[in-house]
>>> print(open('upload.cif').read())   # mmCIF, C-alpha atoms
data_model
#
loop_
_atom_site.label_atom_id
_atom_site.label_comp_id
_atom_site.auth_asym_id
_atom_site.auth_seq_id
_atom_site.Cartn_x
_atom_site.Cartn_y
_atom_site.Cartn_z
CA MET D 26 0.00 0.00 0.00
CA MET D 27 1.31 3.43 -0.91
CA LYS D 28 2.05 6.04 1.79
CA ILE D 29 0.93 9.68 1.71
CA VAL D 30 2.11 12.39 4.11
CA ALA D 31 -0.23 15.37 4.31
CA ASP D 32 -0.44 18.71 6.09
CA GLU D 33 -3.19 18.32 8.68
CA ASN D 34 -4.57 21.75 7.83
CA ILE D 35 -5.59 20.86 4.28
CA PRO D 36 -9.39 20.80 4.68
CA LEU D 37 -11.72 18.01 3.60
CA LEU D 38 -8.82 15.61 3.03
CA GLN D 39 -9.09 13.20 5.93
CA GLY D 40 -10.79 9.95 4.91
CA VAL D 41 -10.40 10.53 1.17
CA PHE D 42 -7.24 8.49 0.51
CA GLU D 43 -7.50 6.02 3.38
CA PRO D 44 -9.11 3.25 1.27
CA TYR D 45 -6.13 3.36 -1.09
CA ALA D 46 -3.12 4.36 1.03
CA GLU D 47 -1.59 4.74 4.43
CA VAL D 48 -2.05 8.44 5.22
CA VAL D 49 -0.04 10.32 7.84
CA TYR D 50 -1.27 13.78 8.85
CA ALA D 51 1.01 16.28 10.55
CA PRO D 52 1.30 20.02 11.17
CA ALA D 53 3.52 21.78 8.65
CA GLY D 54 6.36 22.20 11.12
CA ALA D 55 6.45 18.46 11.84
CA ILE D 56 6.86 17.31 8.24
CA SER D 57 10.43 16.02 8.30
CA PRO D 58 12.77 13.59 6.50
CA THR D 59 11.97 11.03 9.20
CA LEU D 60 8.24 11.34 8.56
CA LEU D 61 8.81 10.91 4.82
CA LYS D 62 10.52 7.53 5.14
CA GLY D 63 8.61 5.17 2.89
CA ALA D 64 6.35 7.95 1.57
CA ASP D 65 5.29 8.03 -2.07
CA ALA D 66 3.50 11.38 -2.01
CA LEU D 67 3.54 14.62 -0.04
CA LEU D 68 0.63 17.07 0.22
CA ILE D 69 1.51 20.46 1.70
CA ARG D 70 0.70 24.14 2.13
CA THR D 71 2.99 27.18 2.00
CA ARG D 72 4.70 26.59 5.35
CA THR D 73 6.55 23.44 4.24
CA ARG D 74 9.79 24.02 2.37
CA CYS D 75 10.29 21.19 -0.12
CA ASP D 76 13.94 20.91 -1.08
CA ALA D 77 16.86 18.51 -0.93
CA LYS D 78 17.04 18.84 2.85
CA LEU D 79 13.52 17.44 3.17
CA LEU D 80 13.32 15.08 0.20
CA ALA D 81 16.83 13.75 -0.50
CA HIS D 82 16.50 10.49 1.43
CA SER D 83 12.83 9.78 0.74
CA PRO D 84 11.12 7.84 -2.04
CA VAL D 85 8.60 10.65 -2.63
CA ARG D 86 7.59 10.79 -6.30
CA PHE D 87 4.79 13.35 -6.16
CA VAL D 88 4.47 16.67 -4.30
CA ALA D 89 1.29 18.75 -4.40
CA THR D 90 0.62 22.03 -2.68
CA ALA D 91 -2.95 23.08 -1.91
CA THR D 92 -1.97 26.66 -2.70
CA VAL D 93 -1.66 28.90 -5.73
CA GLY D 94 2.04 29.67 -5.29
CA ALA D 95 4.76 27.04 -5.37
CA ASP D 96 7.81 29.12 -4.41
CA HIS D 97 8.21 26.95 -1.28
CA ILE D 98 9.02 23.99 -3.55
CA ASP D 99 12.48 23.65 -5.09
CA SER D 100 11.21 22.88 -8.57
CA ASP D 101 14.73 22.45 -10.01
CA TYR D 102 15.59 19.79 -7.43
CA CYS D 103 12.29 18.00 -8.01
CA ARG D 104 12.69 18.06 -11.79
CA GLN D 105 16.27 16.75 -11.59
CA ASN D 106 15.16 13.93 -9.31
CA GLY D 107 12.02 12.88 -11.15
CA ILE D 108 9.58 14.23 -8.58
CA ALA D 109 6.31 15.49 -10.07
CA VAL D 110 5.08 18.83 -8.69
CA PHE D 111 1.52 20.16 -8.71
CA SER D 112 0.07 23.44 -7.43
CA ALA D 113 -3.60 24.42 -7.17
CA ALA D 114 -3.20 27.44 -9.42
CA GLY D 115 -6.38 29.48 -9.72
CA CYS D 116 -8.18 27.73 -6.87
CA ASN D 117 -8.84 30.92 -4.89
CA ALA D 118 -8.80 33.53 -7.64
CA ALA D 119 -12.38 34.70 -7.06
CA ALA D 120 -11.81 35.11 -3.32
CA VAL D 121 -8.66 37.20 -3.83
CA ALA D 122 -10.36 39.36 -6.45
CA GLN D 123 -13.21 40.07 -4.06
CA TYR D 124 -10.72 40.76 -1.24
CA VAL D 125 -8.94 43.40 -3.35
CA VAL D 126 -12.09 45.27 -4.34
CA THR D 127 -13.59 44.99 -0.84
CA ALA D 128 -10.37 46.42 0.58
CA LEU D 129 -10.54 49.33 -1.85
CA LEU D 130 -14.13 49.96 -0.77
CA ALA D 131 -13.02 49.99 2.86
CA ALA D 132 -10.21 52.41 2.00
CA GLU D 133 -12.59 54.99 0.55
CA THR D 134 -12.96 56.67 3.93
CA LEU D 135 -9.17 56.92 4.23
CA THR D 136 -8.56 58.41 0.80
CA GLY D 137 -11.80 60.27 0.13
CA LYS D 138 -11.94 58.72 -3.33
CA LYS D 139 -14.63 56.35 -4.58
CA VAL D 140 -13.55 53.14 -6.30
CA GLN D 141 -15.32 54.08 -9.52
CA GLU D 142 -13.08 57.15 -9.70
CA ARG D 143 -9.92 55.05 -9.52
CA THR D 144 -7.48 53.65 -12.06
CA LEU D 145 -6.32 50.26 -10.85
CA GLY D 146 -2.94 48.98 -11.96
CA ILE D 147 -2.76 45.19 -11.84
CA ILE D 148 0.75 43.75 -11.83
CA GLY D 149 0.43 40.11 -12.81
CA ALA D 150 -2.56 39.22 -14.98
CA GLY D 151 -2.76 35.48 -14.43
CA ASN D 152 -5.65 33.55 -12.89
CA ILE D 153 -6.12 36.06 -10.08
CA GLY D 154 -5.20 39.22 -11.98
CA ARG D 155 -7.76 38.43 -14.68
CA LEU D 156 -10.58 38.18 -12.14
CA VAL D 157 -9.42 41.30 -10.29
CA SER D 158 -9.56 43.10 -13.63
CA ALA D 159 -13.08 41.81 -14.40
CA LEU D 160 -14.46 42.75 -10.99
CA ALA D 161 -12.75 46.15 -10.91
CA ALA D 162 -14.06 47.01 -14.37
CA HIS D 163 -17.54 45.89 -13.29
CA MET D 164 -17.25 48.33 -10.38
CA GLY D 165 -16.52 51.14 -12.83
CA MET D 166 -12.76 51.33 -12.36
CA ARG D 167 -10.31 51.94 -15.17
CA VAL D 168 -7.84 49.04 -15.37
CA LEU D 169 -4.21 48.84 -16.48
CA LEU D 170 -2.50 45.46 -16.86
CA ASN D 171 1.21 44.73 -16.57
CA ASP D 172 2.34 41.17 -17.28
CA PRO D 173 5.59 40.85 -19.26
CA PRO D 174 5.36 37.05 -19.75
CA ARG D 175 1.83 37.31 -21.14
CA ALA D 176 2.75 40.31 -23.28
CA ALA D 177 5.68 38.34 -24.73
CA ARG D 178 3.40 35.39 -25.56
CA GLU D 179 0.29 37.24 -26.68
CA GLY D 180 1.54 40.60 -27.93
CA THR D 181 1.63 43.95 -26.17
CA ALA D 182 -1.96 45.00 -26.96
CA GLY D 183 -3.87 45.32 -23.69
CA PHE D 184 -0.73 45.56 -21.55
CA VAL D 185 1.40 48.48 -20.36
CA GLU D 186 4.97 48.72 -19.15
CA LEU D 187 5.49 48.89 -15.39
CA GLU D 188 6.72 52.48 -15.48
CA GLU D 189 3.60 53.65 -17.34
CA LEU D 190 1.36 51.76 -14.93
CA LEU D 191 2.99 53.36 -11.91
CA GLN D 192 2.63 56.81 -13.43
CA ARG D 193 -1.04 56.43 -14.43
CA ALA D 194 -2.55 54.23 -11.71
CA ASP D 195 -3.77 55.66 -8.41
CA SER D 196 -4.17 52.12 -7.00
CA VAL D 197 -1.75 49.24 -7.55
CA THR D 198 -2.25 45.58 -6.66
CA LEU D 199 0.36 42.82 -6.92
CA HIS D 200 -0.52 39.34 -8.22
CA VAL D 201 2.82 37.89 -9.26
CA PRO D 202 4.52 34.64 -8.25
CA LEU D 203 7.63 34.93 -6.11
CA SER D 204 10.77 34.45 -8.19
CA GLY D 205 14.19 36.00 -8.65
CA CYS D 206 12.56 38.59 -10.94
CA THR D 207 9.79 39.56 -8.55
CA ARG D 208 11.53 39.44 -5.17
CA ASN D 209 11.59 43.03 -3.84
CA LEU D 210 9.79 44.16 -7.00
CA ALA D 211 8.10 46.86 -4.92
CA GLY D 212 11.30 48.57 -3.80
CA ASP D 213 12.61 52.12 -3.74
CA ALA D 214 12.45 52.64 -7.51
CA PHE D 215 8.89 51.27 -7.58
CA PHE D 216 7.62 53.59 -4.84
CA GLU D 217 9.51 56.60 -6.23
CA ARG D 218 7.64 56.25 -9.54
CA LEU D 219 4.27 55.52 -7.93
CA GLN D 220 1.79 58.39 -7.79
CA CYS D 221 1.51 60.41 -4.60
CA GLY D 222 -1.63 59.37 -2.76
CA ALA D 223 -1.81 55.97 -4.47
CA VAL D 224 -3.24 52.89 -2.74
CA PHE D 225 -0.78 49.99 -2.54
CA ILE D 226 -2.07 46.41 -2.17
CA ASN D 227 -0.11 43.18 -1.86
CA THR D 228 -1.84 39.80 -1.66
CA SER D 229 0.82 37.81 -3.57
CA ARG D 230 3.88 37.03 -1.42
CA GLY D 231 5.44 39.14 1.31
CA GLU D 232 8.88 39.04 -0.28
CA VAL D 233 7.60 40.76 -3.42
CA THR D 234 7.58 43.95 -1.32
CA ASP D 235 10.75 45.42 0.15
CA GLU D 236 9.22 46.43 3.46
CA ALA D 237 12.09 48.76 4.34
CA ALA D 238 11.44 50.66 1.09
CA LEU D 239 7.71 50.67 1.78
CA LEU D 240 8.34 52.29 5.16
CA ARG D 241 10.68 54.88 3.62
CA HIS D 242 8.00 55.93 1.13
CA ARG D 243 4.94 55.41 3.34
CA LYS D 244 4.11 59.12 3.65
CA LYS D 245 3.47 59.52 -0.08
CA LEU D 246 0.95 56.66 -0.18
CA GLY D 247 -2.77 57.21 0.29
CA ALA D 248 -3.33 53.77 1.83
CA VAL D 249 -1.45 50.51 2.33
CA ILE D 250 -3.30 47.18 2.29
CA LEU D 251 -1.26 44.09 3.14
CA ASP D 252 -2.30 40.46 3.38
CA VAL D 253 1.21 39.04 2.98
CA TRP D 254 4.38 39.91 4.87
CA GLN D 255 8.10 39.32 4.97
CA ASN D 256 9.18 36.72 7.53
CA GLU D 257 5.70 35.31 8.09
CA PRO D 258 4.49 34.43 10.64
CA HIS D 259 6.87 36.74 12.50
CA ILE D 260 5.72 40.00 10.95
CA HIS D 261 7.48 43.28 11.65
CA PRO D 262 5.62 45.62 14.02
CA ALA D 263 6.62 48.69 11.99
CA THR D 264 5.13 47.24 8.79
CA LEU D 265 1.94 46.30 10.62
CA ALA D 266 1.68 49.83 12.00
CA ALA D 267 2.21 51.29 8.52
CA ALA D 268 -0.64 49.29 6.98
CA ASP D 269 -4.12 50.77 6.92
CA ILE D 270 -5.68 47.35 6.39
CA ALA D 271 -3.75 44.32 7.61
CA THR D 272 -4.77 40.66 7.39
CA PRO D 273 -2.95 37.36 8.12
CA HIS D 274 -2.42 35.93 4.60
CA ILE D 275 -6.07 34.95 4.18
CA ALA D 276 -7.12 36.85 1.04
CA GLY D 277 -7.91 33.57 -0.71
CA TYR D 278 -9.42 31.83 2.31
CA SER D 279 -12.96 31.23 1.17
CA ILE D 280 -15.08 28.10 1.34
CA GLN D 281 -14.97 27.92 -2.44
CA GLY D 282 -11.21 28.50 -2.65
CA LYS D 283 -10.36 25.85 -0.08
CA SER D 284 -12.70 23.24 -1.55
CA ASN D 285 -11.29 23.98 -5.01
CA ALA D 286 -7.72 23.51 -3.75
CA THR D 287 -8.43 20.16 -2.11
CA THR D 288 -10.39 18.99 -5.15
CA MET D 289 -7.49 19.87 -7.46
CA VAL D 290 -4.85 18.22 -5.25
CA VAL D 291 -6.83 14.99 -4.85
CA ARG D 292 -7.52 14.73 -8.56
CA ALA D 293 -3.87 15.41 -9.43
CA LEU D 294 -2.62 12.70 -7.08
CA ALA D 295 -5.31 10.29 -8.27
CA THR D 296 -4.28 10.88 -11.87
CA PHE D 297 -0.58 10.46 -11.12
CA PHE D 298 -1.06 7.18 -9.20
CA ASP D 299 -4.02 6.03 -11.31
CA ILE D 300 -6.62 5.88 -8.54
CA GLY D 301 -9.63 5.80 -10.84
CA ALA D 302 -12.27 6.30 -8.15
CA LEU D 303 -10.82 9.68 -7.17
CA LYS D 304 -10.07 11.19 -10.57
CA ASN D 305 -13.38 13.08 -10.49
CA PHE D 306 -13.41 13.73 -6.74
CA THR D 307 -15.03 16.96 -5.51
CA ALA D 308 -14.42 18.34 -2.01
CA THR D 309 -17.51 19.90 -0.45
CA PHE D 310 -17.97 21.61 2.89
CA ALA D 311 -20.99 20.50 4.92
CA THR D 312 -22.19 24.09 5.22
CA GLY D 313 -24.25 25.07 2.21
CA LYS D 314 -24.00 28.24 0.19
CA THR D 315 -25.34 31.18 2.16
CA HIS D 316 -27.47 33.47 0.04
CA ILE D 317 -27.05 37.17 0.75
CA ASP D 318 -30.31 38.90 -0.07
CA ILE D 319 -29.44 42.38 -1.37
CA PRO D 320 -32.09 44.28 -3.34
CA CYS D 321 -31.32 45.45 -6.85
CA GLY D 322 -30.13 48.99 -7.21
CA GLU D 323 -27.17 51.21 -7.96
CA ASN D 324 -25.20 50.12 -4.88
CA ARG D 325 -26.11 46.42 -4.92
CA LEU D 326 -22.65 45.15 -5.88
CA ARG D 327 -20.93 47.39 -3.34
CA THR D 328 -23.31 46.24 -0.59
CA LEU D 329 -23.01 42.59 -1.59
CA LEU D 330 -19.21 42.62 -1.39
CA THR D 331 -19.00 44.41 1.95
CA ALA D 332 -21.76 42.24 3.45
CA ALA D 333 -19.99 39.07 2.31
CA TYR D 334 -16.67 40.13 3.82
CA PRO D 335 -16.36 42.68 6.65
CA ILE D 336 -12.63 43.01 6.09
CA LEU D 337 -11.95 45.42 8.95
CA GLU D 338 -12.86 42.70 11.46
CA ASP D 339 -9.87 40.67 10.26
CA ASP D 340 -7.73 43.80 10.50
CA LYS D 341 -8.74 44.30 14.15
CA LEU D 342 -8.00 40.68 15.04
CA LEU D 343 -4.50 40.78 13.58
CA ARG D 344 -3.61 44.08 15.26
CA ALA D 345 -4.84 42.76 18.59
CA GLN D 346 -2.68 39.63 18.45
CA PRO D 347 0.02 39.77 15.77
CA GLN D 348 1.99 37.16 17.70
CA ASN D 349 -0.78 34.70 16.85
CA PHE D 350 -0.47 35.25 13.09
CA GLU D 351 -0.22 31.54 12.31
CA GLN D 352 -3.10 30.59 14.58
CA LEU D 353 -5.31 33.28 13.06
CA ARG D 354 -4.48 31.86 9.64
CA ASN D 355 -4.85 28.16 10.44
CA LYS D 356 -8.10 28.61 12.41
CA TYR D 357 -9.60 31.20 10.06
CA PRO D 358 -13.39 30.91 9.64
CA LEU D 359 -13.66 30.60 5.88
CA ARG D 360 -15.64 33.26 4.03
CA ASN D 361 -18.53 32.40 1.77
CA THR D 362 -17.80 34.41 -1.36
CA PRO D 363 -20.61 35.40 -3.75
CA GLU D 364 -20.62 33.56 -7.05
CA TRP D 365 -19.69 35.52 -10.19
CA GLU D 366 -23.27 35.25 -11.43
CA GLU D 367 -24.51 36.66 -8.11
CA LEU D 368 -22.22 39.64 -8.67
CA GLY D 369 -23.69 40.12 -12.13
CA ILE D 370 -20.44 39.25 -13.93
CA LYS D 371 -20.10 36.82 -16.82
CA ASN D 372 -17.02 34.72 -16.20
#
>>> encode(input="upload.cif", output="structure tokens")
Amino acid sequence: MMKIVADENIPLLQGVFEPYAEVVYAPAGAISPTLLKGADALLIRTRTRCDAKLLAHSPVRFVATATVGADHIDSDYCRQNGIAVFSAAGCNAAAVAQYVVTALLAAETLTGKKVQERTLGIIGAGNIGRLVSALAAHMGMRVLLNDPPRAAREGTAGFVELEELLQRADSVTLHVPLSGCTRNLAGDAFFERLQCGAVFINTSRGEVTDEAALLRHRKKLGAVILDVWQNEPHIHPATLAAADIATPHIAGYSIQGKSNATTMVVRALATFFDIGALKNFTATFATGKTHIDIPCGENRLRTLLTAAYPILEDDKLLRAQPQNFEQLRNKYPLRNTPEWEELGIKN
């Protein structure tokens, strides 16, 4: 019988593989080379670093992360050693898009500027960036897209260079993977070119922002909204104090996003190991979809988003107990995000 080691905080996973494998569940910090002895597969989240130190003496052939990003996995090592890698790209895109626009709505009182008056610069137009663009446009915002890899593949029409985006946008949101090219992307040069009074949002990875540079340029910014941080879970008090809206890396933590991630991971493993009964598996939370009854009208979409996610409550919780960042994240009560159709958007 095959052996699977899994992060105990991946929801809806327990009981799924047990008919087909020995499954060992552990907190992220306890996943070790010793635990991986005899393991064929490893299912993780962002807190487990998968590299030679962890994998070198194990028979693991398949690693899947129930997250969008995979920067915590040494893909070069895995490729060189025949280890298949899977990430749940796109699983929480709708939740992050709604987080970004809801945060901008909450920031209106700080900046005195309505979202429909804003030009939103989206850096990274992948699964998440596309949905942020669709929702922002639906809210009446002007949208600028910067995505050099897509522009190289598809042509430059519809995209702008980073410098132009920073000059024209009065709100900027980051949706890039963490890589050598994007680490500290938002540094001194970035903030120097950014408009005075602009709103800065990062929900991608903490290391995409140079927090020292952010603090140096904080006074020119209209608002700072951070869901991700350098050195998580040990976030810097000065960065927390500089943020107008601060949350513990939960922008994508919705019922739909989490069930999507588990569904994708289970299907990927089932395909790799040819477990036919699980190739069409769907993870479903016991709690049903909660309908939010908002009457039609000019402000329906605005009211629907803010009713679905009172973002400032998460801000208050993090400020009250930043030392419990990881607990706030692991025990987060998942949001129930409105469906695209409910928002009136064709996806």
>>> residues_around(input="upload.cif", residues="D:Cys221", least_positions_apart="4", cutoff="8 Å", atoms="all atoms listed in the file", output="PDB file with C-alpha atoms, in the frame of the given file")
ATOM      1  CA  LYS D 245       3.470  59.520  -0.080  1.00  0.00           C
ATOM      2  CA  LEU D 246       0.950  56.660  -0.180  1.00  0.00           C
ATOM      3  CA  GLY D 247      -2.770  57.210   0.290  1.00  0.00           C
TER       4      GLY D 247
END
>>> resolve_selection(input="upload.cif", expression="the PyMOL selection byres ((chain D and resi 291-302) around 8)", output="list in words")
Tyr45, Phe87, Ala89, Phe111, Thr287, Thr288, Met289, Val290, Leu303, Lys304, Asn305 and Phe306 of chain D
>>> resolve_selection(input="upload.cif", expression="the PyMOL selection byres ((chain D and resi 162) around 12)", output="list in words")
Ala122, Val126, Val140, Gln141, Glu142, Arg143, Thr144, Leu145, Gly146, Ile147, Arg155, Leu156, Val157, Ser158, Ala159, Leu160, Ala161, His163, Met164, Gly165, Met166, Arg167, Val168, Leu169, Leu170 and Ile370 of chain D
>>> closest_residue(input="upload.cif", among="D:Ala128, D:Arg208, D:Asp99, D:Phe310", to="D:Ser284", atoms="all atoms listed in the file")
D:Phe310
>>> residues_near_point(input="upload.cif", point="(8.3, 25.6, 0.8)", cutoff="8 Å", atoms="all atoms listed in the file", output="NGL selection string")
:D and (70-76 or 95-99)
>>> closest_atom_pairs(input="upload.cif", of="stretch 73-125 of chain D", to="stretch 259-274 of chain D", cutoff="12 Å", atoms="only C-alpha atoms", output="tab-separated table")
residue	atom	partner	partner_atom	distance
D:Thr92	CA	D:His274	CA	11.8
D:Val121	CA	D:His274	CA	10.6
D:Tyr124	CA	D:Thr272	CA	10.5
D:Val125	CA	D:Ile270	CA	11.0
>>> write_last_selection(input="upload.cif", atoms="C-alpha atoms", output="mmCIF file, in the coordinates of the input")
data_model
loop_
_atom_site.group_PDB
_atom_site.id
_atom_site.type_symbol
_atom_site.label_atom_id
_atom_site.label_comp_id
_atom_site.auth_asym_id
_atom_site.auth_seq_id
_atom_site.Cartn_x
_atom_site.Cartn_y
_atom_site.Cartn_z
ATOM 1 C CA THR D 92 -1.970 26.660 -2.700
ATOM 2 C CA VAL D 121 -8.660 37.200 -3.830
ATOM 3 C CA TYR D 124 -10.720 40.760 -1.240
ATOM 4 C CA VAL D 125 -8.940 43.400 -3.350
#
>>> atom_distance(input="upload.cif", atom1="atom CA of D:Thr309", atom2="atom CA of D:Val88")
22.5 Å
>>> resolve_selection(input="upload.cif", expression="the PyMOL selection byres ((chain D and resi 62) around 10)", output="list of chain:residue names")
D:Lys28, D:Val30, D:Ser57, D:Pro58, D:Thr59, D:Leu60, D:Leu61, D:Gly63, D:Ala64, D:Asp65, D:Leu80, D:His82, D:Ser83, D:Pro84, D:Val85
>>> atom_distance(input="upload.cif", atom1="atom CA of D:Gln123", atom2="atom CA of D:Glu217")
28.2 Å
>>> atom_distance(input="upload.cif", atom1="atom CA of D:Ala308", atom2="atom CA of D:Ala109")
22.4 Å
>>> closest_residue(input="upload.cif", among="D:Leu191, D:Leu199, D:Ala53, D:Leu38", to="D:Glu232", atoms="only C-alpha atoms")
D:Leu199
>>> closest_residue(input="upload.cif", among="D:Ala223, D:Ala55, D:Val93, D:Ala77", to="D:Gln105", atoms="only C-alpha atoms")
D:Ala77
>>> residues_near_point(input="upload.cif", point="(-6.0, 21.5, 10.6)", cutoff="8 Å", atoms="only C-alpha atoms", output="number ranges by chain")
D: 32-36, 52, 355-356
>>> closest_residue(input="upload.cif", among="D:Gly180, D:Ile153, D:Ala131, D:Gln255", to="D:Glu338", atoms="all atoms listed in the file")
D:Ala131
>>> closest_residue(input="upload.cif", among="D:Val253, D:Ala114, D:Leu330, D:Ala177", to="D:Asn152", atoms="only C-alpha atoms")
D:Ala114
>>> closest_residue(input="upload.cif", among="D:Leu68, D:Val201, D:Ala248, D:Leu359", to="D:Asp339", atoms="all atoms listed in the file")
D:Leu359
>>> axis_aligned_box(input="upload.cif", around="stretch 271-279 of chain D", padding_each_side="6 Å", output="AutoDock Vina command-line options")
--center_x -7.7 --center_y 37.8 --center_z 3.7 --size_x 22.5 --size_y 25.1 --size_z 20.8
>>> residues_around(input="upload.cif", residues="D:Asn209", least_positions_apart="6", cutoff="12 Å", atoms="all atoms listed in the file", output="PDB file with C-alpha atoms, keeping the file's coordinate frame")
ATOM      1  CA  LEU D 199       0.360  42.820  -6.920  1.00  0.00           C
ATOM      2  CA  VAL D 201       2.820  37.890  -9.260  1.00  0.00           C
ATOM      3  CA  PRO D 202       4.520  34.640  -8.250  1.00  0.00           C
ATOM      4  CA  LEU D 203       7.630  34.930  -6.110  1.00  0.00           C
ATOM      5  CA  PHE D 215       8.890  51.270  -7.580  1.00  0.00           C
ATOM      6  CA  PHE D 216       7.620  53.590  -4.840  1.00  0.00           C
ATOM      7  CA  ASN D 227      -0.110  43.180  -1.860  1.00  0.00           C
ATOM      8  CA  SER D 229       0.820  37.810  -3.570  1.00  0.00           C
ATOM      9  CA  ARG D 230       3.880  37.030  -1.420  1.00  0.00           C
ATOM     10  CA  GLY D 231       5.440  39.140   1.310  1.00  0.00           C
ATOM     11  CA  GLU D 232       8.880  39.040  -0.280  1.00  0.00           C
ATOM     12  CA  VAL D 233       7.600  40.760  -3.420  1.00  0.00           C
ATOM     13  CA  THR D 234       7.580  43.950  -1.320  1.00  0.00           C
ATOM     14  CA  ASP D 235      10.750  45.420   0.150  1.00  0.00           C
ATOM     15  CA  GLU D 236       9.220  46.430   3.460  1.00  0.00           C
ATOM     16  CA  ALA D 237      12.090  48.760   4.340  1.00  0.00           C
ATOM     17  CA  ALA D 238      11.440  50.660   1.090  1.00  0.00           C
ATOM     18  CA  LEU D 239       7.710  50.670   1.780  1.00  0.00           C
ATOM     19  CA  TRP D 254       4.380  39.910   4.870  1.00  0.00           C
ATOM     20  CA  GLN D 255       8.100  39.320   4.970  1.00  0.00           C
TER      21      GLN D 255
END
>>> residues_around(input="upload.cif", residues="D:Pro44", least_positions_apart="2", cutoff="12 Å", atoms="only C-alpha atoms", output="PyMOL selection string")
chain D and resi 26-29+39-42+46-48+300+302-303
